[in-house]
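Undergrad: So here's structure-v2.txt (compact mmCIF, C-alpha atoms).
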# COMPACT_ATOMS: atom_id res chain seq x y z
CA MET Z 119 15.92 10.18 -22.67
CA PRO Z 120 16.99 9.22 -19.13
CA ASP Z 121 20.64 8.18 -19.03
CA HIS Z 122 20.65 6.56 -15.59
CA ARG Z 123 18.63 3.52 -14.45
CA LEU Z 124 17.83 3.63 -10.74
CA ALA Z 125 16.39 0.64 -8.92
CA VAL Z 126 14.35 1.56 -5.84
CA LEU Z 127 13.98 -1.33 -3.41
CA LEU Z 128 11.37 -1.10 -0.64
CA LEU Z 129 12.09 -3.44 2.29
CA THR Z 130 9.00 -4.14 4.35
CA ASN Z 131 8.08 -6.43 7.16
CA GLU Z 132 4.39 -6.55 6.22
CA GLY Z 133 3.50 -3.68 3.95
CA PHE Z 134 2.68 -5.43 0.67
CA ARG Z 135 0.89 -8.61 1.77
CA GLN Z 136 -0.71 -7.52 5.03
CA VAL Z 137 -3.76 -5.26 5.10
CA ASP Z 138 -3.80 -4.42 8.83
CA GLY Z 139 -2.53 -1.08 10.06
CA GLY Z 140 -0.89 1.87 8.40
CA VAL Z 141 2.21 0.15 7.00
CA ALA Z 142 0.35 -1.59 4.20
CA ARG Z 143 -1.40 1.58 3.15
CA TYR Z 144 1.91 3.45 3.25
CA ILE Z 145 3.60 0.98 0.90
CA HIS Z 146 0.64 0.98 -1.47
CA ASN Z 147 0.50 4.78 -1.39
CA ILE Z 148 4.15 4.90 -2.45
CA LEU Z 149 3.49 2.51 -5.32
CA ASP Z 150 0.43 4.51 -6.38
CA SER Z 151 2.63 7.63 -6.64
CA ARG Z 152 5.07 6.18 -9.18
CA ASP Z 153 4.04 8.62 -11.92
CA ASP Z 154 4.72 11.60 -9.64
CA VAL Z 155 8.15 10.24 -8.78
CA ALA Z 156 8.91 9.44 -12.43
CA ALA Z 157 8.49 13.11 -13.34
CA ILE Z 158 10.93 14.17 -10.59
CA ALA Z 159 13.44 11.54 -11.69
CA ASP Z 160 13.10 12.41 -15.36
CA GLU Z 161 14.10 16.00 -14.63
CA ARG Z 162 17.39 14.58 -13.33
CA GLY Z 163 17.93 12.20 -16.24
CA VAL Z 164 16.93 9.17 -14.18
CA GLU Z 165 14.58 6.28 -14.96
CA VAL Z 166 13.16 4.53 -11.90
CA GLU Z 167 12.22 0.87 -11.58
CA TRP Z 168 10.41 -0.35 -8.47
CA HIS Z 169 11.03 -3.43 -6.33
CA VAL Z 170 9.40 -4.64 -3.11
CA ALA Z 171 11.00 -7.25 -0.84
CA GLU Z 172 8.99 -8.68 2.03
CA ARG Z 173 9.17 -11.59 4.42
CA ALA Z 174 6.66 -14.30 3.68
CA ASN Z 175 4.78 -14.80 6.97
CA CYS Z 176 2.40 -12.02 7.97
CA ALA Z 177 -0.23 -12.07 10.68
CA GLY Z 178 -3.68 -11.09 9.48
CA LEU Z 179 -2.93 -11.89 5.84
CA ASP Z 180 -5.90 -11.53 3.54
CA GLU Z 181 -5.18 -13.82 0.58
CA LYS Z 182 -7.79 -12.12 -1.60
CA ARG Z 183 -6.31 -8.66 -1.08
CA PHE Z 184 -2.80 -9.99 -1.53
CA ALA Z 185 -3.87 -11.42 -4.88
CA GLN Z 186 -5.36 -8.04 -5.78
CA ALA Z 187 -2.09 -6.30 -4.87
CA LEU Z 188 -0.10 -8.71 -7.02
CA ASP Z 189 -2.49 -8.19 -9.91
CA ARG Z 190 -2.45 -4.40 -9.58
CA TYR Z 191 1.24 -3.74 -9.03
CA VAL Z 192 3.08 -6.78 -10.37
CA HIS Z 193 1.11 -8.63 -13.06
CA HIS Z 194 -0.37 -5.50 -14.65
CA GLY Z 195 2.12 -2.99 -13.32
CA THR Z 196 5.84 -2.45 -13.34
CA VAL Z 197 6.70 -3.48 -9.78
CA ARG Z 198 8.87 -6.52 -9.13
CA TYR Z 199 8.06 -8.47 -5.99
CA HIS Z 200 10.70 -10.40 -4.05
CA PRO Z 201 9.32 -12.62 -1.26
CA MET Z 202 11.88 -13.54 1.40
CA ALA Z 203 11.81 -16.69 3.50
CA ASP Z 204 10.73 -15.89 7.04
CA PRO Z 205 13.06 -17.23 9.76
CA ARG Z 206 10.03 -17.72 12.01
CA ALA Z 207 8.12 -21.00 11.92
CA HIS Z 208 4.80 -19.15 12.25
CA SER Z 209 3.67 -15.54 11.91
CA TRP Z 210 2.77 -15.40 15.61
CA GLU Z 211 6.24 -16.52 16.75
CA MET Z 212 8.12 -13.89 18.73
CA ASP Z 213 10.97 -12.28 16.82
CA HIS Z 214 14.44 -13.07 18.14
CA PHE Z 215 17.86 -11.54 17.52
CA GLU Z 216 18.74 -14.10 14.87
CA HIS Z 217 15.61 -13.10 12.95
CA CYS Z 218 16.94 -9.54 12.61
CA MET Z 219 20.23 -10.96 11.34
CA ALA Z 220 18.55 -13.36 8.94
CA LEU Z 221 16.22 -10.76 7.46
CA GLY Z 222 19.05 -8.25 7.17
CA SER Z 223 21.15 -10.79 5.32
CA ALA Z 224 18.25 -11.76 3.06
CA ALA Z 225 17.66 -8.08 2.28
CA GLY Z 226 21.33 -7.73 1.37
CA GLN Z 227 21.03 -10.61 -1.08
CA VAL Z 228 17.95 -9.07 -2.70
CA ALA Z 229 19.78 -5.73 -2.88
CA LEU Z 230 22.69 -7.47 -4.62
CA THR Z 231 20.40 -9.08 -7.19
CA VAL Z 232 18.43 -5.91 -7.85
CA GLY Z 233 21.42 -3.55 -7.77
CA ARG Z 234 23.44 -5.51 -10.33
CA GLY Z 235 20.65 -5.02 -12.86
CA ALA Z 236 20.66 -1.22 -12.69
CA ASP Z 237 23.09 1.69 -12.73
CA SER Z 238 22.47 2.40 -9.06
CA LEU Z 239 20.35 1.26 -6.13
CA LEU Z 240 18.30 3.20 -3.57
CA VAL Z 241 17.07 1.04 -0.68
CA ILE Z 242 14.25 2.31 1.54
CA SER Z 243 13.51 0.32 4.68
CA GLY Z 244 11.17 0.73 7.62
CA MET Z 245 10.66 -0.74 11.10
CA SER Z 246 13.45 -1.95 13.35
CA MET Z 247 13.17 -5.49 12.02
CA PHE Z 248 14.95 -4.22 8.88
CA ALA Z 249 17.34 -1.78 10.54
CA MET Z 250 20.10 -4.39 10.31
CA ALA Z 251 19.61 -4.50 6.54
CA ALA Z 252 21.61 -1.27 6.16
CA ARG Z 253 24.81 -3.13 7.09
CA PHE Z 254 24.24 -5.86 4.52
CA VAL Z 255 23.31 -3.38 1.81
CA VAL Z 256 26.56 -1.43 2.20
CA ARG Z 257 28.51 -4.71 2.41
CA ALA Z 258 27.00 -5.85 -0.89
CA ALA Z 259 27.75 -2.44 -2.40
CA ASP Z 260 31.39 -2.58 -1.29
CA GLN Z 261 32.02 -6.16 -2.33
CA PHE Z 262 30.33 -6.06 -5.72
CA GLY Z 263 30.90 -2.46 -6.77
CA ILE Z 264 27.26 -1.34 -6.57
CA ALA Z 265 26.50 2.37 -6.39
CA ALA Z 266 23.98 2.36 -3.55
CA SER Z 267 22.43 4.38 -0.76
CA HIS Z 268 20.06 3.39 2.03
CA VAL Z 269 17.33 5.39 3.78
CA HIS Z 270 15.77 3.92 6.93
CA MET Z 271 12.34 5.33 7.66
CA THR Z 272 12.13 5.93 11.38
CA HIS Z 273 9.50 4.26 13.49
CA ASN Z 274 8.96 3.98 17.23
CA PRO Z 275 12.51 3.82 18.66
CA VAL Z 276 13.45 0.64 20.50
CA LEU Z 277 16.19 2.44 22.41
CA ARG Z 278 15.02 5.74 23.82
CA PRO Z 279 16.58 8.69 25.65
CA ASP Z 280 14.61 7.78 28.79
CA GLY Z 281 16.57 4.54 29.02
CA ASP Z 282 13.74 2.18 28.10
CA ALA Z 283 14.53 -0.45 25.50
CA GLU Z 284 12.90 -3.30 23.61
CA LEU Z 285 14.85 -6.40 22.65
CA PRO Z 286 15.92 -7.96 20.32
CA GLU Z 287 15.66 -5.00 17.95
CA THR Z 288 17.84 -2.69 20.05
CA TYR Z 289 21.07 -3.94 18.49
CA ALA Z 290 19.63 -3.77 14.97
CA ASP Z 291 18.61 -0.14 15.49
CA SER Z 292 22.02 0.64 16.95
CA VAL Z 293 23.77 -0.75 13.87
CA MET Z 294 21.58 1.41 11.65
CA GLY Z 295 22.18 4.44 13.86
CA HIS Z 296 25.94 3.93 13.73
CA LEU Z 297 25.89 3.68 9.95
CA ALA Z 298 23.67 6.75 9.61
CA ARG Z 299 26.22 8.66 11.67
CA SER Z 300 29.36 7.34 9.95
CA ASP Z 301 28.62 6.18 6.40
CA PRO Z 302 27.55 8.76 3.79
CA ARG Z 303 25.40 6.16 2.04
CA VAL Z 304 23.09 5.60 5.02
CA SER Z 305 20.60 8.14 6.33
CA ILE Z 306 17.24 8.21 8.09
CA GLY Z 307 13.92 9.51 6.86
CA TRP Z 308 12.07 11.24 9.67
CA GLU Z 309 8.30 10.93 9.79
CA SER Z 310 7.91 13.41 12.63
CA HIS Z 311 10.03 15.99 14.43
CA TRP Z 312 9.60 13.94 17.60
CA MET Z 313 10.99 10.86 15.87
CA ARG Z 314 13.90 12.78 14.40
CA HIS Z 315 14.78 14.12 17.85
CA GLN Z 316 14.65 10.63 19.36
CA TYR Z 317 17.07 9.15 16.84
CA GLN Z 318 19.43 12.11 16.97
CA GLN Z 319 19.55 12.06 20.77
CA VAL Z 320 20.31 8.36 20.96
CA TYR Z 321 22.60 7.88 17.94
CA GLY Z 322 24.10 11.31 17.30
CA ILE Z 323 22.96 11.41 13.67
CA PRO Z 324 23.87 14.78 12.08
CA ASP Z 325 21.20 17.05 10.63
CA ASP Z 326 22.23 16.48 7.02
CA LYS Z 327 21.66 12.72 7.41
CA THR Z 328 18.02 13.18 8.46
CA LEU Z 329 15.74 13.49 5.45
CA TYR Z 330 12.17 14.77 5.38
CA ALA Z 331 9.71 11.86 5.23
CA ARG Z 332 6.58 13.27 6.84
CA ALA Z 333 3.72 10.80 6.89
CA GLY Z 334 0.45 11.67 5.17
CA VAL Z 335 -2.70 10.29 3.58
CA PRO Z 336 -4.17 10.64 0.08
CA THR Z 337 -6.50 13.53 0.84
CA ASP Z 338 -8.54 12.85 -2.32
CA ASP Z 339 -9.42 9.31 -1.17
CA ALA Z 340 -13.10 8.42 -1.55
CA LYS Z 341 -13.49 7.79 2.18
CA PHE Z 342 -12.95 11.52 2.83
CA ARG Z 343 -15.85 12.65 0.66
CA PRO Z 344 -18.84 14.18 2.46
CA GLY Z 345 -21.89 11.98 2.67
CA PRO Z 346 -25.32 11.92 4.32
CA PRO Z 347 -25.68 10.49 7.84
CA ASP Z 348 -26.24 6.74 7.89
CA PRO Z 349 -27.99 5.89 11.18
CA ALA Z 350 -29.21 2.55 9.83
CA LEU Z 351 -25.63 1.34 9.34
CA LEU Z 352 -24.65 2.42 12.85
CA ARG Z 353 -27.67 0.75 14.45
CA GLU Z 354 -26.97 -2.44 12.49
CA LEU Z 355 -23.56 -2.54 14.18
CA GLY Z 356 -25.01 -1.99 17.66
CA ILE Z 357 -23.91 1.63 17.92
CA PRO Z 358 -26.36 3.78 19.89
CA THR Z 359 -27.58 6.67 17.74
CA ASP Z 360 -29.27 8.40 20.67
CA ARG Z 361 -26.02 8.95 22.61
CA ASP Z 362 -22.97 11.17 22.13
CA LEU Z 363 -19.99 9.15 20.92
CA VAL Z 364 -16.19 9.22 20.96
CA VAL Z 365 -14.48 7.12 18.30
CA SER Z 366 -10.99 5.68 18.09
CA TRP Z 367 -9.24 3.06 16.00
CA GLY Z 368 -5.96 1.23 15.46
CA ARG Z 369 -4.16 -2.02 16.18
CA GLY Z 370 -5.32 -3.92 19.24
CA VAL Z 371 -2.25 -3.52 21.45
CA ALA Z 372 -1.88 -2.08 24.94
CA GLU Z 373 0.23 0.93 23.97
CA LYS Z 374 -2.58 2.32 21.79
CA GLY Z 375 -4.42 3.43 24.92
CA PHE Z 376 -7.86 1.95 24.27
CA HIS Z 377 -8.19 0.77 27.88
CA LYS Z 378 -7.48 4.31 28.99
CA LEU Z 379 -10.14 5.66 26.65
CA VAL Z 380 -12.74 3.25 28.08
CA ASP Z 381 -11.82 4.28 31.63
CA ALA Z 382 -11.73 8.01 30.88
CA ALA Z 383 -15.13 7.95 29.19
CA ARG Z 384 -16.52 6.01 32.15
CA LEU Z 385 -15.16 8.67 34.52
CA THR Z 386 -17.05 11.39 32.65
CA GLY Z 387 -20.21 9.68 33.86
CA ASP Z 388 -20.62 7.96 30.48
CA ARG Z 389 -21.31 11.29 28.83
CA LEU Z 390 -19.55 9.83 25.79
CA VAL Z 391 -19.88 6.23 24.57
CA PRO Z 392 -16.56 4.94 23.15
CA VAL Z 393 -16.71 3.19 19.79
CA ILE Z 394 -13.40 1.44 19.15
CA LEU Z 395 -12.44 -0.27 15.89
CA ASN Z 396 -9.58 -2.79 15.67
CA PRO Z 397 -8.48 -4.94 12.74
CA ARG Z 398 -9.11 -8.16 14.68
CA PRO Z 399 -10.89 -9.11 17.92
CA TYR Z 400 -9.13 -7.57 20.93
CA THR Z 401 -9.91 -10.06 23.68
CA ASP Z 402 -8.21 -8.20 26.51
CA LEU Z 403 -10.13 -5.01 25.74
CA GLU Z 404 -13.40 -6.95 25.51
CA GLU Z 405 -12.78 -8.34 28.98
CA HIS Z 406 -11.94 -4.87 30.31
CA VAL Z 407 -15.20 -3.46 28.97
CA ARG Z 408 -17.16 -6.28 30.60
CA HIS Z 409 -15.31 -5.86 33.89
CA THR Z 410 -15.86 -2.09 34.08
CA GLY Z 411 -19.46 -2.15 32.90
CA SER Z 412 -18.62 0.34 30.18
CA PRO Z 413 -21.19 0.92 27.42
CA ALA Z 414 -18.31 0.94 24.89
CA VAL Z 415 -18.94 -0.65 21.50
CA LEU Z 416 -16.03 -2.74 20.17
CA LEU Z 417 -15.86 -3.56 16.48
CA HIS Z 418 -13.30 -5.41 14.40
CA GLY Z 419 -12.66 -6.06 10.73
CA GLN Z 420 -14.82 -3.16 9.55
CA ASP Z 421 -14.03 -1.35 6.31
CA ASP Z 422 -13.54 2.37 5.78
CA ARG Z 423 -17.25 2.85 5.07
CA VAL Z 424 -18.03 2.27 8.75
CA LEU Z 425 -15.28 4.57 9.97
CA THR Z 426 -16.40 7.32 7.62
CA ALA Z 427 -20.02 6.95 8.75
CA LEU Z 428 -18.92 7.24 12.38
CA CYS Z 429 -16.79 10.33 11.81
CA GLN Z 430 -19.59 12.01 9.86
CA TRP Z 431 -22.33 11.14 12.38
CA PRO Z 432 -23.52 14.37 14.08
CA ARG Z 433 -23.44 12.82 17.55
CA THR Z 434 -19.85 11.65 17.25
CA LEU Z 435 -18.38 14.56 19.18
CA SER Z 436 -14.75 13.47 19.19
CA ALA Z 437 -12.11 11.21 17.73
CA ALA Z 438 -9.68 10.51 20.58
CA PHE Z 439 -6.19 9.00 20.28
CA LEU Z 440 -4.42 8.12 23.51
CA SER Z 441 -1.39 6.14 22.39
CA GLU Z 442 1.63 6.09 24.70
CA ARG Z 443 4.03 6.91 21.86
CA GLU Z 444 3.20 7.40 18.21
CA ALA Z 445 6.03 8.16 15.85
CA ALA Z 446 4.07 8.85 12.70
CA SER Z 447 0.35 8.45 13.30
CA VAL Z 448 -2.05 9.71 10.65
CA THR Z 449 -5.27 8.72 12.43
CA PRO Z 450 -5.95 12.28 13.73
CA VAL Z 451 -5.48 13.52 10.16
CA GLU Z 452 -7.87 10.88 8.80
CA ALA Z 453 -10.47 11.80 11.42
CA ALA Z 454 -10.35 15.47 10.43
CA LEU Z 455 -10.65 14.62 6.73
CA MET Z 456 -13.51 12.16 7.18
CA ASN Z 457 -15.51 14.64 9.24
CA ASN Z 458 -15.09 17.45 6.69
CA GLY Z 459 -15.27 20.22 9.28
CA LYS Z 460 -18.72 19.30 10.63
CA GLY Z 461 -17.90 19.42 14.34
CA LEU Z 462 -15.80 16.36 15.23
CA VAL Z 463 -13.11 17.37 17.74
CA VAL Z 464 -9.75 15.61 17.47
CA ALA Z 465 -8.51 14.97 21.03
CA VAL Z 466 -5.06 13.55 21.84
CA LEU Z 467 -2.53 13.01 24.60
CA PRO Z 468 0.71 15.07 24.57
CA THR Z 469 2.75 12.08 23.38
CA GLY Z 470 4.92 11.35 20.35
CA VAL Z 471 3.82 13.04 17.15
CA TYR Z 472 0.38 14.11 18.42
CA PRO Z 473 1.38 17.67 19.45
CA GLU Z 474 2.68 18.18 15.89
CA LEU Z 475 -0.70 17.21 14.46
CA VAL Z 476 -3.04 19.05 16.82
CA GLU Z 477 -2.70 22.68 17.89
CA PRO Z 478 -4.49 22.90 21.25
CA GLY Z 479 -7.55 25.13 21.19
CA VAL Z 480 -7.10 25.79 17.46
CA SER Z 481 -7.42 22.48 15.59
CA GLY Z 482 -8.36 20.20 18.49
CA LEU Z 483 -7.70 19.46 22.14
CA VAL Z 484 -4.49 18.19 23.75
CA ALA Z 485 -4.67 16.77 27.26
CA ALA Z 486 -2.62 18.39 30.03
CA GLY Z 487 -0.86 15.10 30.77
CA ARG Z 488 -0.73 11.39 29.99
CA GLU Z 489 -2.77 9.94 32.84
CA THR Z 490 -6.35 8.71 32.78
CA ALA Z 491 -7.44 11.76 34.79
CA ASP Z 492 -5.98 14.01 32.07
CA ALA Z 493 -7.84 12.10 29.37
CA THR Z 494 -11.03 12.34 31.43
CA ALA Z 495 -10.69 16.11 31.75
CA MET Z 496 -10.11 16.38 28.00
CA LEU Z 497 -13.19 14.33 27.12
CA THR Z 498 -15.26 16.30 29.60
CA ALA Z 499 -14.08 19.51 27.90
CA VAL Z 500 -15.26 18.12 24.57
CA THR Z 501 -18.78 17.61 25.94
CA GLU Z 502 -18.88 21.21 27.21
CA LEU Z 503 -18.05 22.81 23.85
CA THR Z 504 -20.83 24.46 21.88
CA LEU Z 505 -21.57 23.23 18.37
CA LYS Z 506 -19.99 26.38 16.93
CA GLU Z 507 -16.83 25.82 18.95
CA ARG Z 508 -16.60 22.22 17.77
CA VAL Z 509 -17.16 23.25 14.15
CA ASP Z 510 -14.45 25.90 14.38
CA LEU Z 511 -11.96 23.34 15.71
CA SER Z 512 -12.91 20.74 13.12
CA GLN Z 513 -12.66 23.18 10.22
CA ALA Z 514 -9.20 24.28 11.36
CA ALA Z 515 -8.18 20.62 11.61
CA LEU Z 516 -9.51 19.95 8.11
CA ALA Z 517 -7.59 22.86 6.61
CA ARG Z 518 -4.39 21.80 8.33
CA ALA Z 519 -4.79 18.19 7.21
CA ARG Z 520 -5.13 19.24 3.58
CA GLN Z 521 -2.27 21.71 3.73
CA GLU Z 522 0.30 19.68 5.65
CA HIS Z 523 -0.55 16.01 5.40
CA ASP Z 524 -1.38 15.13 1.81
CA PHE Z 525 0.57 11.97 1.03
CA ARG Z 526 1.41 12.74 -2.60
CA THR Z 527 2.66 16.24 -1.77
CA ASN Z 528 4.79 14.99 1.11
CA TRP Z 529 6.09 11.95 -0.76
CA ARG Z 530 7.21 14.05 -3.73
CA ARG Z 531 9.25 16.19 -1.35
CA SER Z 532 10.60 13.11 0.43
CA PHE Z 533 11.60 11.27 -2.72
CA GLN Z 534 13.21 14.34 -4.20
CA ALA Z 535 15.40 14.68 -1.09
CA MET Z 536 16.28 10.96 -1.18
CA LEU Z 537 17.06 11.04 -4.89
CA ASP Z 538 19.19 14.18 -4.72
CA ARG Z 539 21.20 12.78 -1.81
CA HIS Z 540 21.54 9.44 -3.58
CA LEU Z 541 22.89 11.02 -6.76
CA THR Z 542 25.30 13.15 -4.75
CA VAL Z 543 26.56 10.20 -2.72
CA ILE Z 544 27.14 7.81 -5.61
CA GLY Z 545 28.96 10.54 -7.51
CA ALA Z 546 31.37 11.22 -4.66
CA PRO Z 547 34.21 9.09 -3.23
CA LEU Z 548 32.86 6.82 -0.49
CA ARG Z 549 34.63 6.27 2.77
CA SER Z 550 34.76 2.81 4.25
CA GLU Z 551 32.33 1.96 6.99
CA ALA Z 552 33.74 2.64 10.44
CA PRO Z 553 33.94 -0.47 12.64
CA VAL Z 554 31.03 -1.19 14.96
For the structure just supplied, provide its representation as structure tokens.
TA:
Amino acid sequence: MPDHRLAVLLLTNEGFRQVDGGVARYIHNILDSRDDVAAIADERGVEVEWHVAERANCAGLDEKRFAQALDRYVHHGTVRYHPMADPRAHSWEMDHFEHCMALGSAAGQVALTVGRGADSLLVISGMSMFAMAARFVVRAADQFGIAASHVHMTHNPVLRPDGDAELPETYADSVMGHLARSDPRVSIGWESHWMRHQYQQVYGIPDDKTLYARAGVPTDDAKFRPGPPDPALLRELGIPTDRDLVVSWGRGVAEKGFHKLVDAARLTGDRLVPVILNPRPYTDLEEHVRHTGSPAVLLHGQDDRVLTALCQWPRTLSAAFLSEREAASVTPVEAALMNNGKGLVVAVLPTGVYPELVEPGVSGLVAAGRETADATAMLTAVTELTLKERVDLSQAALARARQEHDFRTNWRRSFQAMLDRHLTVIGAPLRSEAPV
């Protein structure tokens, strides 16, 4: 019988309620892996109970899916859900410095409530909006005698070695970075080597405070199963089935590089028609397509069935991802899995995590640089590959995706590292937090 009750508290800005983007899927993937984690914990004499705390206002909230999540994980599961009041008046209001403070404080109060009901508390946070929470968690632990540790999952850094910065989250990240350097209870979980390097360069976090937290996807998901071509579905959506295509997807924001993809494909002489999928209408991109006369097809709100059909369509030659900086993207991995080694070439810029996901000339193509001309040359190279060459690249990408990026495999390793560090830390004398 386990002799230690551990409460795991996930702090998320949007991951439980919101269905847009990778954060929601990441949180749900963690919750779906509770049995795997329970076995690891049981070997150490630990029983785990799960909690999720989330701010109330989320853009793009799907009430039906939120109700399904509550039913699956809370009402008929063992997860406890803690909604937090959002300091913003509306979900579209810009976040300010006081919002970071307010959410950090709210997270500390939830940590206090959850931690007092268990033998110890492991808090896992993500995104800079919750970086400040680390301070309030250790304050609650000190003031109320809670055995606690905190792991902040790294995301795109708001303060970077090149001097660029985004406010108001810079201070919040700096507080977290200071604690990760000075307090044994606080560490970071790195989702990519690039991200780990960024945080270590800026904040001086030692190696033993950076825990493996490599992103991944459930490789046995139904959307990755091979299926027959579905030209009728593509034509129904206005996608030309008599042209070679390049597909891309993600949130509709400038840094994702969709404008660059439209321009690069145009500069190939329209040898590839871009098909771009966003969660919601992307007005600025729509205007850009009209202005340039691009044949690009823009879709929004489509489910995985459409994406799978696109990646498995024989005339979709490439899945291209041109983001300016991606800390933990899994879209290239998803593309390789959905295509099942049938000839889709994953093509990326040499930015962020992408070079860790794609080995140039082996499992895909990596552009020589970050400019539109570099992306154009890369897409042109895709069109000049033979079918055999494309199949070889796609099969190598598929094998690598299964070997290195399965979510359950990676999460078991991540949680084991977090749990072992947590048990070590709470069993050792704790030094006081150094002053900021």
Undergrad: Do you know which residues are at most 6 Å from segment 251-267 of chain Z counting only C-alpha atoms, after dropping those on the same chain fewer than 6 positions away, and could you put them as a PyMOL selection string?
TA: chain Z and resi 222-223+225-226+230+238-240+303-304+540+544
Undergrad: How many Å separate atom CA of Leu128 of chain Z from atom CA of Ala224 of chain Z?
TA: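 Atom CA of Leu128 of chain Z sits 13.2 Å away from atom CA of Ala224 of chain Z.
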Undergrad: Per residue of segment 387-463 of chain Z within 10 Å of segment 518-528 of chain Z, record the nearest atom pair and its distance in Å to one decimal, counting only C-alpha atoms, with rows in chain order and ascending residue number, as a tab-separated table.
TA:
residue	atom	partner	partner_atom	distance
Z:Val448	CA	Z:His523	CA	8.3
Z:Pro450	CA	Z:Ala519	CA	8.9
Z:Val451	CA	Z:Ala519	CA	5.6
Z:Glu452	CA	Z:Ala519	CA	8.1
Z:Ala453	CA	Z:Ala519	CA	9.5
Z:Ala454	CA	Z:Ala519	CA	7.0
Z:Leu455	CA	Z:Ala519	CA	6.9
Undergrad: From the options Z:His418, Z:Arg152, Z:Arg162, Z:Arg353, which residue's atoms come nearest to Thr542 of chain Z, counting all atoms listed in the file?
TA: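 Under the stated criterion, the closest residue is Z:Arg162.
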Undergrad: So that I can see what lies close to segment 498-512 of chain Z, please list as a short mmCIF file (atom, residue, chain, number, x, y, z; two decimals) with C-alpha atoms, keeping the file's coordinate frame the residues with an atom at most 10 Å from it, counting all atoms listed in the file and leaving out residues fewer than 4 positions away in the same chain.
TA:
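Contents of out03.cif, freshly written:
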data_model
loop_
_atom_site.label_atom_id
_atom_site.label_comp_id
_atom_site.auth_asym_id
_atom_site.auth_seq_id
_atom_site.Cartn_x
_atom_site.Cartn_y
_atom_site.Cartn_z
CA ASP Z 362 -22.97 11.17 22.13
CA LEU Z 363 -19.99 9.15 20.92
CA VAL Z 364 -16.19 9.22 20.96
CA ALA Z 382 -11.73 8.01 30.88
CA ALA Z 383 -15.13 7.95 29.19
CA LEU Z 385 -15.16 8.67 34.52
CA THR Z 386 -17.05 11.39 32.65
CA GLY Z 387 -20.21 9.68 33.86
CA ASP Z 388 -20.62 7.96 30.48
CA ARG Z 389 -21.31 11.29 28.83
CA LEU Z 390 -19.55 9.83 25.79
CA LEU Z 435 -18.38 14.56 19.18
CA SER Z 436 -14.75 13.47 19.19
CA ALA Z 453 -10.47 11.80 11.42
CA ALA Z 454 -10.35 15.47 10.43
CA LEU Z 455 -10.65 14.62 6.73
CA ASN Z 457 -15.51 14.64 9.24
CA ASN Z 458 -15.09 17.45 6.69
CA GLY Z 459 -15.27 20.22 9.28
CA LYS Z 460 -18.72 19.30 10.63
CA GLY Z 461 -17.90 19.42 14.34
CA LEU Z 462 -15.80 16.36 15.23
CA VAL Z 463 -13.11 17.37 17.74
CA VAL Z 464 -9.75 15.61 17.47
CA ALA Z 465 -8.51 14.97 21.03
CA VAL Z 476 -3.04 19.05 16.82
CA GLU Z 477 -2.70 22.68 17.89
CA PRO Z 478 -4.49 22.90 21.25
CA GLY Z 479 -7.55 25.13 21.19
CA VAL Z 480 -7.10 25.79 17.46
CA SER Z 481 -7.42 22.48 15.59
CA GLY Z 482 -8.36 20.20 18.49
CA LEU Z 483 -7.70 19.46 22.14
CA ALA Z 485 -4.67 16.77 27.26
CA ASP Z 492 -5.98 14.01 32.07
CA ALA Z 493 -7.84 12.10 29.37
CA THR Z 494 -11.03 12.34 31.43
CA LEU Z 516 -9.51 19.95 8.11
CA ALA Z 517 -7.59 22.86 6.61
CA ARG Z 518 -4.39 21.80 8.33
#
Undergrad: Which residue, Z:Glu444, Z:Asp538, Z:Asp338, Z:Asp422, has the smallest gap to Glu373 of chain Z when you use all atoms listed in the file?
TA: Z:Glu444
Undergrad: For Asn175 of chain Z, which of Z:Gln420, Z:Thr130, Z:Gln318, Z:Gln430 is the closest residue, counting all atoms listed in the file?
TA: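 The answer is Z:Thr130, which sits nearest to Asn175 of chain Z.
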Undergrad: Tell me, in Å to one decimal, how far atom CA of Ile306 of chain Z is from atom CA of Thr272 of chain Z.
TA: 6.5 Å
Undergrad: I need the residue nearest His270 of chain Z from this list: Z:Thr434, Z:Leu129, Z:Met202, Z:Arg183. Use only C-alpha atoms for the distance.
TA: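 Under the stated criterion, the closest residue is Z:Leu129.
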Undergrad: Give me, please, the distance in Å between atom CA of Ala340 of chain Z and atom CA of Trp431 of chain Z, quoted to one decimal.
TA: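 Atom-to-atom, atom CA of Ala340 of chain Z and atom CA of Trp431 of chain Z are spaced 16.9 Å apart.
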Undergrad: Between Z:Leu425, Z:Ala125, Z:Met247, Z:Ala486, which has the minimum distance to Arg198 of chain Z (counting all atoms listed in the file)?
TA: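 Of all the options, Z:Ala125 lies closest to Arg198 of chain Z.
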Undergrad: Given only C-alpha atoms as the basis, pick out the residue of Z:Phe134, Z:Met250, Z:Glu216, Z:Met245 nearest to His200 of chain Z.
TA: Z:Phe134
Undergrad: For a cut-off of 10 Å around (-23.4, 3.6, 18.1), file coordinates, pick out all residues using all atoms listed in the file and list them as a list in words.
TA: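 Protein and nucleic acid residues near the point are Pro349, Leu351, Leu352, Arg353, Glu354, Leu355, Gly356, Ile357, Pro358, Thr359, Asp360, Arg361, Asp362, Leu363, Val364, Val365, Val391, Pro392, Val393, Pro413, Ala414, Val415, Leu416, Leu428, Trp431, Arg433 and Thr434 of chain Z.
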Undergrad: Can you tell me, as a count of residues only, what residues are no more than 7 Å from Leu127 of chain Z when counting only C-alpha atoms, ignoring any on the same chain fewer than 6 positions away?
TA: 6
Undergrad: Can you sort out the box for segment 253-259 of chain Z, edges along x, y and z, all listed atoms in, 4 Å on every side, with centre and edge lengths in Å to one decimal, as lines of an AutoDock Vina configuration file?
TA:
center_x = 25.9
center_y = -3.6
center_z = 2.3
size_x = 13.2
size_y = 12.4
size_z = 17.5
